[in-house]
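Colleague: Just one file: coords_7.pdb, with PDB, C-alpha atoms.
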ATOM      1  CA  MET A   1     145.371 302.946   6.876
ATOM      2  CA  THR A   2     145.950 305.723   4.419
ATOM      3  CA  LYS A   3     144.509 309.175   4.896
ATOM      4  CA  ILE A   4     142.232 310.016   1.997
ATOM      5  CA  SER A   5     141.754 313.665   1.110
ATOM      6  CA  LYS A   6     138.392 315.376   1.213
ATOM      7  CA  GLN A   7     138.595 316.040  -2.514
ATOM      8  CA  THR A   8     139.109 312.329  -3.253
ATOM      9  CA  LYS A   9     136.169 311.401  -1.031
ATOM     10  CA  LEU A  10     133.977 313.988  -2.721
ATOM     11  CA  LYS A  11     135.088 312.743  -6.141
ATOM     12  CA  ALA A  12     134.180 309.165  -5.153
ATOM     13  CA  ILE A  13     130.731 310.222  -3.895
ATOM     14  CA  LEU A  14     130.027 312.208  -7.051
ATOM     15  CA  GLU A  15     131.143 309.264  -9.174
ATOM     16  CA  TYR A  16     128.729 307.018  -7.293
ATOM     17  CA  HIS A  17     125.860 309.463  -7.801
ATOM     18  CA  GLN A  18     126.505 309.426 -11.557
ATOM     19  CA  GLY A  19     125.364 305.803 -11.386
ATOM     20  CA  GLU A  20     128.142 304.137 -13.364
ATOM     21  CA  PHE A  21     129.532 301.983 -10.554
ATOM     22  CA  SER A  22     128.293 300.439  -7.308
ATOM     23  CA  LYS A  23     129.318 301.640  -3.856
ATOM     24  CA  ASN A  24     131.444 298.548  -3.424
ATOM     25  CA  GLN A  25     133.351 299.100  -6.675
ATOM     26  CA  ILE A  26     133.985 302.763  -5.950
ATOM     27  CA  SER A  27     135.071 302.170  -2.360
ATOM     28  CA  ARG A  28     137.617 299.600  -3.596
ATOM     29  CA  LYS A  29     138.783 301.897  -6.407
ATOM     30  CA  TYR A  30     139.552 304.781  -4.039
ATOM     31  CA  GLY A  31     140.653 302.648  -1.067
ATOM     32  CA  ILE A  32     137.844 303.852   1.196
ATOM     33  CA  ASN A  33     136.361 301.557   3.828
ATOM     34  CA  GLN A  34     133.027 300.295   2.499
ATOM     35  CA  THR A  35     131.055 301.058   5.678
ATOM     36  CA  ARG A  36     132.520 304.557   5.850
ATOM     37  CA  PHE A  37     131.739 305.114   2.176
ATOM     38  CA  ASN A  38     128.105 304.074   2.754
ATOM     39  CA  LEU A  39     127.852 306.569   5.619
ATOM     40  CA  MET A  40     129.465 309.290   3.520
ATOM     41  CA  CYS A  41     126.893 308.694   0.749
ATOM     42  CA  VAL A  42     124.021 308.941   3.254
ATOM     43  CA  ALA A  43     125.429 312.136   4.806
ATOM     44  CA  TYR A  44     125.997 313.585   1.327
ATOM     45  CA  GLU A  45     122.348 312.979   0.405
ATOM     46  CA  TYR A  46     121.162 315.022   3.401
ATOM     47  CA  PHE A  47     123.877 317.664   3.793
ATOM     48  CA  GLY A  48     125.575 317.839   0.397
ATOM     49  CA  PRO A  49     129.336 318.420   0.237
ATOM     50  CA  ASP A  50     129.090 320.596   3.356
ATOM     51  CA  PHE A  51     129.485 317.606   5.716
ATOM     52  CA  LEU A  52     132.933 316.909   4.238
ATOM     53  CA  LEU A  53     134.154 320.458   3.760
ATOM     54  CA  ASN A  54     132.701 321.903   6.989
ATOM     55  CA  PRO A  55     132.243 319.023   9.447
ATOM     56  CA  PRO A  56     130.285 319.679  12.658
ATOM     57  CA  LYS A  57     132.231 321.043  15.613
ATOM     58  CA  ILE A  58     132.559 318.423  18.339
ATOM     59  CA  THR A  59     131.430 319.859  21.659
ATOM     60  CA  SER A  60     130.061 318.237  24.776
ATOM     61  CA  THR A  61     126.518 319.248  23.814
ATOM     62  CA  PHE A  62     127.007 317.751  20.343
ATOM     63  CA  ARG A  63     128.220 314.481  21.894
ATOM     64  CA  ILE A  64     125.263 314.370  24.278
ATOM     65  CA  LYS A  65     122.814 315.167  21.497
ATOM     66  CA  ILE A  66     124.139 312.382  19.244
ATOM     67  CA  ALA A  67     124.428 309.748  21.982
ATOM     68  CA  SER A  68     121.029 310.407  23.530
ATOM     69  CA  TRP A  69     119.271 310.560  20.153
ATOM     70  CA  ALA A  70     120.953 307.372  18.941
ATOM     71  CA  ILE A  71     120.036 305.498  22.140
ATOM     72  CA  GLN A  72     116.458 306.798  22.362
ATOM     73  CA  ASN A  73     115.711 306.022  18.726
ATOM     74  CA  ASN A  74     117.804 302.837  18.579
ATOM     75  CA  ALA A  75     119.283 304.434  15.476
ATOM     76  CA  SER A  76     121.725 302.911  13.034
ATOM     77  CA  TYR A  77     124.938 304.721  12.192
ATOM     78  CA  SER A  78     123.531 305.669   8.803
ATOM     79  CA  ALA A  79     120.548 307.281  10.568
ATOM     80  CA  VAL A  80     122.965 309.254  12.762
ATOM     81  CA  ALA A  81     124.897 310.280   9.629
ATOM     82  CA  ALA A  82     121.664 311.410   8.008
ATOM     83  CA  LYS A  83     120.489 313.389  11.052
ATOM     84  CA  PHE A  84     123.769 314.963  12.210
ATOM     85  CA  GLY A  85     126.216 314.614   9.299
ATOM     86  CA  TYR A  86     128.710 312.814  11.532
ATOM     87  CA  ILE A  87     130.190 309.560  10.202
ATOM     88  CA  ASN A  88     132.757 308.417  12.768
ATOM     89  CA  VAL A  89     131.258 305.072  13.827
ATOM     90  CA  ARG A  90     133.829 304.215  16.494
ATOM     91  CA  GLN A  91     133.428 307.589  18.163
ATOM     92  CA  ILE A  92     129.633 307.232  18.237
ATOM     93  CA  GLN A  93     129.993 303.764  19.803
ATOM     94  CA  GLN A  94     132.224 305.169  22.529
ATOM     95  CA  TRP A  95     129.896 308.097  23.217
ATOM     96  CA  LYS A  96     126.873 305.804  23.473
ATOM     97  CA  GLU A  97     128.712 303.536  25.910
ATOM     98  CA  ILE A  98     129.829 306.479  28.064
ATOM     99  CA  TYR A  99     126.293 307.911  27.986
ATOM    100  CA  ARG A 100     124.825 304.582  29.125
ATOM    101  CA  THR A 101     127.293 304.094  31.971
ATOM    102  CA  GLU A 102     127.986 307.624  33.217
ATOM    103  CA  GLY A 103     125.151 309.677  31.767
ATOM    104  CA  PRO A 104     125.518 313.106  30.150
ATOM    105  CA  ASN A 105     128.113 314.193  32.718
ATOM    106  CA  GLY A 106     130.477 311.541  31.382
ATOM    107  CA  LEU A 107     130.413 313.089  27.922
ATOM    108  CA  CYS A 108     131.083 316.544  29.358
ATOM    109  CA  LEU A 109     134.295 315.340  30.981
ATOM    110  CA  ILE A 110     135.937 314.038  27.797
ATOM    111  CA  GLN A 111     139.177 315.899  27.200
ATOM    112  CA  LYS A 112     140.483 316.281  23.670
ATOM    113  CA  GLY A 113     143.957 315.032  22.890
ATOM    114  CA  ARG A 114     146.528 312.937  24.603
ATOM    115  CA  LYS A 115     146.975 312.783  28.356
ATOM    116  CA  SER A 116     149.868 314.802  29.710
ATOM    117  CA  THR A 117     152.989 313.008  30.872
ATOM    118  CA  MET A 118     154.346 315.956  32.864
ATOM    119  CA  THR A 119     154.864 315.420  36.571
ATOM    120  CA  THR A 120     153.919 318.927  37.702
ATOM    121  CA  LYS A 121     150.246 319.621  37.893
ATOM    122  CA  LYS A 122     148.825 322.669  36.196
ATOM    123  CA  LYS A 123     145.931 324.643  37.563
ATOM    124  CA  THR A 124     142.697 323.102  36.451
ATOM    125  CA  ASN A 125     139.106 324.164  36.653
ATOM    126  CA  ASN A 126     137.658 323.021  39.933
ATOM    127  CA  LYS A 127     134.200 322.578  38.487
ATOM    128  CA  LYS A 128     132.588 319.774  40.379
ATOM    129  CA  VAL A 129     130.300 317.582  38.328
ATOM    130  CA  LEU A 130     127.195 316.796  40.324
ATOM    131  CA  SER A 131     125.626 313.377  40.599
ATOM    132  CA  PRO A 132     121.951 313.131  39.607
ATOM    133  CA  THR A 133     120.824 313.185  43.251
ATOM    134  CA  GLU A 134     123.011 316.188  44.068
ATOM    135  CA  ASN A 135     121.783 317.923  40.936
ATOM    136  CA  ARG A 136     118.139 317.282  41.945
ATOM    137  CA  LEU A 137     118.882 318.558  45.470
ATOM    138  CA  LYS A 138     120.319 321.812  44.042
ATOM    139  CA  GLN A 139     117.231 322.224  41.839
ATOM    140  CA  LEU A 140     114.901 321.703  44.797
ATOM    141  CA  GLU A 141     116.851 324.175  46.950
ATOM    142  CA  ALA A 142     116.648 326.815  44.216
ATOM    143  CA  GLU A 143     112.919 326.176  43.782
ATOM    144  CA  ASN A 144     112.401 326.359  47.553
ATOM    145  CA  LEU A 145     114.178 329.726  47.718
ATOM    146  CA  GLU A 146     112.104 331.054  44.821
ATOM    147  CA  LEU A 147     108.864 329.971  46.498
ATOM    148  CA  ARG A 148     109.898 331.596  49.796
ATOM    149  CA  ILE A 149     110.534 334.885  48.031
ATOM    150  CA  LYS A 150     107.163 334.700  46.265
ATOM    151  CA  ASN A 151     105.444 333.863  49.558
ATOM    152  CA  GLU A 152     107.017 336.876  51.302
ATOM    153  CA  ALA A 153     106.030 339.112  48.390
ATOM    154  CA  LEU A 154     102.425 337.902  48.576
ATOM    155  CA  LYS A 155     102.316 338.461  52.346
ATOM    156  CA  LEU A 156     103.642 341.982  51.887
ATOM    157  CA  LEU A 157     101.091 342.685  49.157
ATOM    158  CA  ALA A 158      98.245 341.351  51.329
ATOM    159  CA  SER A 159      99.307 343.504  54.292
ATOM    160  CA  MET A 160      99.470 346.558  52.035
ATOM    161  CA  LYS A 161      95.934 345.886  50.784
ATOM    162  CA  GLN A 162      94.643 345.561  54.350
ATOM    163  CA  GLN A 163      96.265 348.848  55.306
ATOM    164  CA  THR A 164      94.627 350.648  52.378
ATOM    165  CA  LYS A 165      91.212 349.233  53.334
ATOM    166  CA  LYS A 166      91.576 350.523  56.926
ATOM    167  CA  LEU A 167      92.396 354.076  55.848
ATOM    168  CA  PRO A 168      89.390 356.463  56.027
ATOM    169  CA  LYS A 169      88.195 357.992  52.808
TER     170      LYS A 169
END
Mind turning this structure into C-alpha coordinates?
Modeller:
Amino acid sequence: MTKISKQTKLKAILEYHQGEFSKNQISRKYGINQTRFNLMCVAYEYFGPDFLLNPPKITSTFRIKIASWAIQNNASYSAVAAKFGYINVRQIQQWKEIYRTEGPNGLCLIQKGRKSTMTTKKKTNNKKVLSPTENRLKQLEAENLELRIKNEALKLLASMKQQTKKLPK
(Lines of atoms letter the chains of each structure in order from A and count residues from 1; the text may use other names and numbers.)
(Lines give C-alpha, C1' and ligand atoms only; values in the text may rest on other atoms or scores of the structure.)
Protein backbone atom coordinates (compact mmCIF):
# COMPACT_ATOMS: atom_id res chain seq x y z
CA MET A 1 0.00 0.00 0.00
CA THR A 2 1.40 3.31 -1.07
CA LYS A 3 1.13 6.41 1.07
CA ILE A 4 -0.80 9.08 -0.78
CA SER A 5 -0.11 12.70 0.08
CA LYS A 6 -2.75 15.02 1.44
CA GLN A 7 -2.40 17.24 -1.61
CA THR A 8 -3.10 14.30 -3.95
CA LYS A 9 -6.15 13.31 -1.92
CA LEU A 10 -7.43 16.88 -1.96
CA LYS A 11 -6.82 17.09 -5.71
CA ALA A 12 -8.80 13.87 -6.23
CA ILE A 13 -11.72 15.13 -4.12
CA LEU A 14 -11.80 18.45 -5.95
CA GLU A 15 -11.71 16.64 -9.28
CA TYR A 16 -14.68 14.54 -8.20
CA HIS A 17 -16.63 17.63 -7.15
CA GLN A 18 -16.09 19.15 -10.60
CA GLY A 19 -18.31 16.32 -11.83
CA GLU A 20 -16.24 15.06 -14.75
CA PHE A 21 -15.56 11.57 -13.40
CA SER A 22 -17.18 9.11 -10.99
CA LYS A 23 -15.78 8.26 -7.57
CA ASN A 24 -14.74 4.86 -8.85
CA GLN A 25 -12.80 6.30 -11.80
CA ILE A 26 -11.03 8.88 -9.68
CA SER A 27 -10.14 6.43 -6.92
CA ARG A 28 -8.56 4.13 -9.52
CA LYS A 29 -6.76 7.04 -11.21
CA TYR A 30 -5.08 8.17 -7.98
CA GLY A 31 -4.68 4.70 -6.44
CA ILE A 32 -6.93 5.45 -3.47
CA ASN A 33 -9.03 2.71 -1.89
CA GLN A 34 -12.61 3.18 -3.09
CA THR A 35 -14.19 2.91 0.37
CA ARG A 36 -11.69 5.38 1.81
CA PHE A 37 -12.30 7.75 -1.09
CA ASN A 38 -16.07 7.61 -0.46
CA LEU A 39 -15.48 8.47 3.21
CA MET A 40 -13.12 11.29 2.26
CA CYS A 41 -15.78 12.77 -0.05
CA VAL A 42 -18.39 12.61 2.73
CA ALA A 43 -16.02 14.21 5.27
CA TYR A 44 -15.07 16.88 2.72
CA GLU A 45 -18.74 17.79 2.21
CA TYR A 46 -19.17 18.47 5.94
CA PHE A 47 -15.75 19.77 7.00
CA GLY A 48 -14.14 21.01 3.80
CA PRO A 49 -10.39 20.54 3.31
CA ASP A 50 -9.89 21.01 7.06
CA PHE A 51 -10.43 17.29 7.81
CA LEU A 52 -7.40 16.43 5.65
CA LEU A 53 -5.12 19.31 6.57
CA ASN A 54 -6.00 19.45 10.29
CA PRO A 55 -7.31 16.01 11.30
CA PRO A 56 -8.92 15.63 14.74
CA LYS A 57 -6.60 14.89 17.65
CA ILE A 58 -7.08 11.33 18.88
CA THR A 59 -7.65 11.33 22.63
CA SER A 60 -9.42 8.90 24.91
CA THR A 61 -12.47 11.18 25.05
CA PHE A 62 -12.53 11.37 21.25
CA ARG A 63 -12.40 7.56 21.02
CA ILE A 64 -15.21 7.19 23.55
CA LYS A 65 -17.31 9.82 21.81
CA ILE A 66 -16.97 8.14 18.40
CA ALA A 67 -17.50 4.57 19.65
CA SER A 68 -20.49 5.36 21.84
CA TRP A 69 -22.15 7.52 19.19
CA ALA A 70 -21.59 4.93 16.47
CA ILE A 71 -23.01 2.13 18.64
CA GLN A 72 -25.98 4.11 19.97
CA ASN A 73 -26.99 5.33 16.52
CA ASN A 74 -26.01 2.13 14.68
CA ALA A 75 -24.15 4.50 12.38
CA SER A 76 -22.35 3.66 9.17
CA TYR A 77 -18.74 4.69 8.70
CA SER A 78 -19.82 7.44 6.32
CA ALA A 79 -22.11 8.81 9.06
CA VAL A 80 -19.16 8.80 11.48
CA ALA A 81 -17.05 10.57 8.84
CA ALA A 82 -19.78 13.16 8.39
CA LYS A 83 -20.22 13.76 12.14
CA PHE A 84 -16.60 13.65 13.33
CA GLY A 85 -14.43 14.02 10.21
CA TYR A 86 -12.60 10.79 11.02
CA ILE A 87 -12.25 8.24 8.20
CA ASN A 88 -10.15 5.39 9.58
CA VAL A 89 -12.61 2.49 9.31
CA ARG A 90 -10.41 -0.17 10.91
CA GLN A 91 -9.70 2.03 13.91
CA ILE A 92 -13.41 2.74 14.42
CA GLN A 93 -14.15 -1.01 14.25
CA GLN A 94 -11.55 -1.69 16.93
CA TRP A 95 -12.82 1.11 19.17
CA LYS A 96 -16.41 -0.11 18.88
CA GLU A 97 -15.35 -3.66 19.78
CA ILE A 98 -13.33 -2.47 22.79
CA TYR A 99 -16.23 -0.25 23.89
CA ARG A 100 -18.66 -3.18 23.70
CA THR A 101 -16.44 -5.58 25.62
CA GLU A 102 -14.64 -3.36 28.15
CA GLY A 103 -16.70 -0.18 28.19
CA PRO A 104 -15.28 3.35 28.18
CA ASN A 105 -12.44 2.38 30.52
CA GLY A 106 -11.06 0.10 27.82
CA LEU A 107 -10.68 3.01 25.43
CA CYS A 108 -8.93 5.09 28.09
CA LEU A 109 -6.24 2.44 28.50
CA ILE A 110 -5.14 2.35 24.86
CA GLN A 111 -1.49 3.30 24.62
CA LYS A 112 -0.17 4.89 21.44
CA GLY A 113 2.71 3.23 19.67
CA ARG A 114 4.51 -0.03 19.88
CA LYS A 115 4.94 -2.01 23.07
CA SER A 116 8.34 -1.73 24.69
CA THR A 117 10.74 -4.64 24.46
CA MET A 118 12.99 -3.44 27.29
CA THR A 119 13.36 -5.74 30.27
CA THR A 120 13.60 -3.04 32.93
CA LYS A 121 10.34 -1.53 33.98
CA LYS A 122 9.93 2.22 34.02
CA LYS A 123 7.83 4.06 36.54
CA THR A 124 4.26 4.16 35.39
CA ASN A 125 1.20 5.95 36.60
CA ASN A 126 -0.49 3.88 39.24
CA LYS A 127 -3.93 5.12 38.31
CA LYS A 128 -6.33 2.33 39.03
CA VAL A 129 -9.22 2.06 36.63
CA LEU A 130 -12.38 1.33 38.55
CA SER A 131 -14.95 -1.25 37.56
CA PRO A 132 -18.53 0.01 37.15
CA THR A 133 -19.53 -1.31 40.59
CA GLU A 134 -16.49 0.25 42.27
CA ASN A 135 -17.15 3.49 40.43
CA ARG A 136 -20.80 3.49 41.62
CA LEU A 137 -19.64 2.74 45.19
CA LYS A 138 -17.26 5.75 45.10
CA GLN A 139 -20.09 7.96 43.81
CA LEU A 140 -22.42 6.81 46.57
CA GLU A 141 -19.76 7.37 49.25
CA ALA A 142 -19.15 10.91 47.99
CA GLU A 143 -22.90 11.60 47.92
CA ASN A 144 -23.28 10.16 51.43
CA LEU A 145 -20.53 12.44 52.75
CA GLU A 146 -22.11 15.46 51.08
CA LEU A 147 -25.50 14.67 52.61
CA ARG A 148 -23.96 14.24 56.07
CA ILE A 149 -22.34 17.65 55.83
CA LYS A 150 -25.62 19.24 54.71
CA ASN A 151 -27.47 17.49 57.54
CA GLU A 152 -25.00 18.80 60.15
CA ALA A 153 -25.27 22.30 58.68
CA LEU A 154 -29.06 22.19 58.89
CA LYS A 155 -28.94 20.95 62.50
CA LEU A 156 -26.57 23.77 63.40
CA LEU A 157 -28.80 26.32 61.68
CA ALA A 158 -31.90 24.98 63.49
CA SER A 159 -30.17 25.15 66.88
CA MET A 160 -29.07 28.72 66.17
CA LYS A 161 -32.66 29.70 65.32
CA GLN A 162 -33.94 28.14 68.55
CA GLN A 163 -31.34 30.03 70.57
CA THR A 164 -32.36 33.35 69.00
CA LYS A 165 -36.04 32.66 69.78
CA LYS A 166 -35.23 31.99 73.47
CA LEU A 167 -33.34 35.26 73.92
CA PRO A 168 -35.43 38.03 75.58
CA LYS A 169 -36.13 41.13 73.57
Colleague: Taking 3 positions as the minimum chain separation for residues in the same chain, which residues sit within 12 Å of Gly48 (chain A) when counting only C-alpha atoms? Answer as a ChimeraX atom specification.
Modeller: /A:10,13-14,17,40-45,51-55,81-82,85
Colleague: Rounded to one decimal in Å, what is the spacing between CA of Lys150 (chain A) and CA of Lys166 (chain A)?
Modeller: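 The value is 24.6 Å.
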Colleague: Using CA of Thr8 (chain A) and CA of Ala75 (chain A) as the two end points, give the distance in Å to one decimal.
Modeller: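 Result for CA of Thr8 (chain A) versus CA of Ala75 (chain A): 28.4 Å, one decimal.
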Colleague: Pick the closest to Gly106 (chain A) from A:Ser159, A:Asn24, A:Thr35, A:Ser60: which is it, counting all atoms listed in the file?
Modeller: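 Of A:Ser159, A:Asn24, A:Thr35, A:Ser60, the one nearest Gly106 (chain A) is A:Ser60, counting all atoms listed in the file.
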Colleague: Rank nothing, just name the residue among A:Gln93, A:Glu152, A:Trp69, A:Leu130 nearest to Asn105 (chain A), using all atoms listed in the file.
Modeller: A:Leu130
Colleague: Could you check which of A:Tyr30, A:Ala153, A:Ile58, A:Lys3 is closest to Tyr16 (chain A), using only C-alpha atoms?
Modeller: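 The closest residue to Tyr16 (chain A) is A:Tyr30.
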Colleague: Taking only C-alpha atoms into account, name the residue in A:Phe84, A:Ile149, A:Gln139, A:Asp50 that is nearest to Phe62 (chain A).
Modeller: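 Using only C-alpha atoms, Phe62 (chain A) sits closest to A:Phe84.
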Colleague: What is the distance, in Å and to one decimal place, between CA of Arg100 (chain A) and CA of Gln72 (chain A)?
Modeller: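 A separation of 11.0 Å between them.
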Colleague: Could you tell me which residues the PyMOL selection byres ((chain A and resi 107) around 10) returns for this structure, as a PyMOL selection string?
Modeller: chain A and resi 59-64+67+94-99+102-106+108-111
Colleague: With N, CA, C and O atoms as the goal, would you fill in the gaps in region 47-70 of chain A and present it as a short mmCIF file (atom, residue, chain, number, x, y, z; two decimals), in the frame of the given file?
Modeller:
data_model
loop_
_atom_site.label_atom_id
_atom_site.label_comp_id
_atom_site.auth_asym_id
_atom_site.auth_seq_id
_atom_site.Cartn_x
_atom_site.Cartn_y
_atom_site.Cartn_z
N PHE A 47 123.16 316.42 3.52
CA PHE A 47 123.88 317.66 3.79
C PHE A 47 124.66 318.20 2.61
O PHE A 47 125.20 319.30 2.68
N GLY A 48 124.79 317.42 1.54
CA GLY A 48 125.58 317.84 0.40
C GLY A 48 127.06 317.79 0.74
O GLY A 48 127.46 317.16 1.72
N PRO A 49 127.89 318.48 -0.02
CA PRO A 49 129.34 318.42 0.24
C PRO A 49 129.74 319.14 1.53
O PRO A 49 130.88 319.04 1.96
N ASP A 50 128.80 319.82 2.15
CA ASP A 50 129.09 320.60 3.36
C ASP A 50 129.58 319.71 4.51
O ASP A 50 130.40 320.13 5.31
N PHE A 51 129.08 318.47 4.60
CA PHE A 51 129.49 317.61 5.72
C PHE A 51 130.95 317.24 5.62
O PHE A 51 131.60 316.97 6.63
N LEU A 52 131.51 317.21 4.40
CA LEU A 52 132.93 316.91 4.24
C LEU A 52 133.79 318.16 4.39
O LEU A 52 134.82 318.14 5.04
N LEU A 53 133.34 319.24 3.77
CA LEU A 53 134.15 320.46 3.76
C LEU A 53 134.06 321.25 5.06
O LEU A 53 135.01 321.90 5.46
N ASN A 54 132.90 321.21 5.71
CA ASN A 54 132.70 321.90 6.99
C ASN A 54 132.06 320.93 7.98
O ASN A 54 130.87 321.03 8.27
N PRO A 55 132.83 320.00 8.53
CA PRO A 55 132.24 319.02 9.45
C PRO A 55 131.75 319.70 10.73
O PRO A 55 132.20 320.79 11.07
N PRO A 56 130.81 319.06 11.43
CA PRO A 56 130.28 319.68 12.66
C PRO A 56 131.37 319.80 13.73
O PRO A 56 132.26 318.96 13.82
N LYS A 57 131.28 320.84 14.52
CA LYS A 57 132.23 321.04 15.61
C LYS A 57 131.85 320.12 16.77
O LYS A 57 130.69 320.06 17.18
N ILE A 58 132.81 319.40 17.28
CA ILE A 58 132.56 318.42 18.34
C ILE A 58 132.65 319.12 19.69
O ILE A 58 133.73 319.51 20.13
N THR A 59 131.49 319.28 20.32
CA THR A 59 131.43 319.86 21.66
C THR A 59 130.73 318.86 22.57
O THR A 59 130.20 317.85 22.10
N SER A 60 130.73 319.15 23.85
CA SER A 60 130.06 318.24 24.78
C SER A 60 128.56 318.16 24.48
O SER A 60 127.97 317.09 24.55
N THR A 61 127.95 319.28 24.12
CA THR A 61 126.52 319.25 23.81
C THR A 61 126.25 318.45 22.55
O THR A 61 125.24 317.75 22.47
N PHE A 62 127.15 318.53 21.58
CA PHE A 62 127.01 317.75 20.34
C PHE A 62 127.11 316.26 20.66
O PHE A 62 126.32 315.46 20.17
N ARG A 63 128.07 315.89 21.50
CA ARG A 63 128.22 314.48 21.89
C ARG A 63 126.96 313.97 22.59
O ARG A 63 126.47 312.89 22.30
N ILE A 64 126.45 314.77 23.52
CA ILE A 64 125.26 314.37 24.28
C ILE A 64 124.07 314.24 23.35
O ILE A 64 123.29 313.28 23.44
N LYS A 65 123.94 315.19 22.43
CA LYS A 65 122.81 315.17 21.50
C LYS A 65 122.85 313.90 20.63
O LYS A 65 121.84 313.22 20.48
N ILE A 66 124.02 313.57 20.10
CA ILE A 66 124.14 312.38 19.24
C ILE A 66 123.89 311.11 20.05
O ILE A 66 123.11 310.25 19.64
N ALA A 67 124.55 310.98 21.20
CA ALA A 67 124.43 309.75 21.98
C ALA A 67 123.00 309.54 22.47
O ALA A 67 122.45 308.44 22.36
N SER A 68 122.38 310.58 23.01
CA SER A 68 121.03 310.41 23.53
C SER A 68 120.04 310.12 22.40
O SER A 68 119.17 309.26 22.54
N TRP A 69 120.18 310.80 21.27
CA TRP A 69 119.27 310.56 20.15
C TRP A 69 119.44 309.14 19.61
O TRP A 69 118.47 308.46 19.32
N ALA A 70 120.69 308.71 19.48
CA ALA A 70 120.95 307.37 18.94
C ALA A 70 120.41 306.28 19.87
O ALA A 70 119.86 305.28 19.41
#
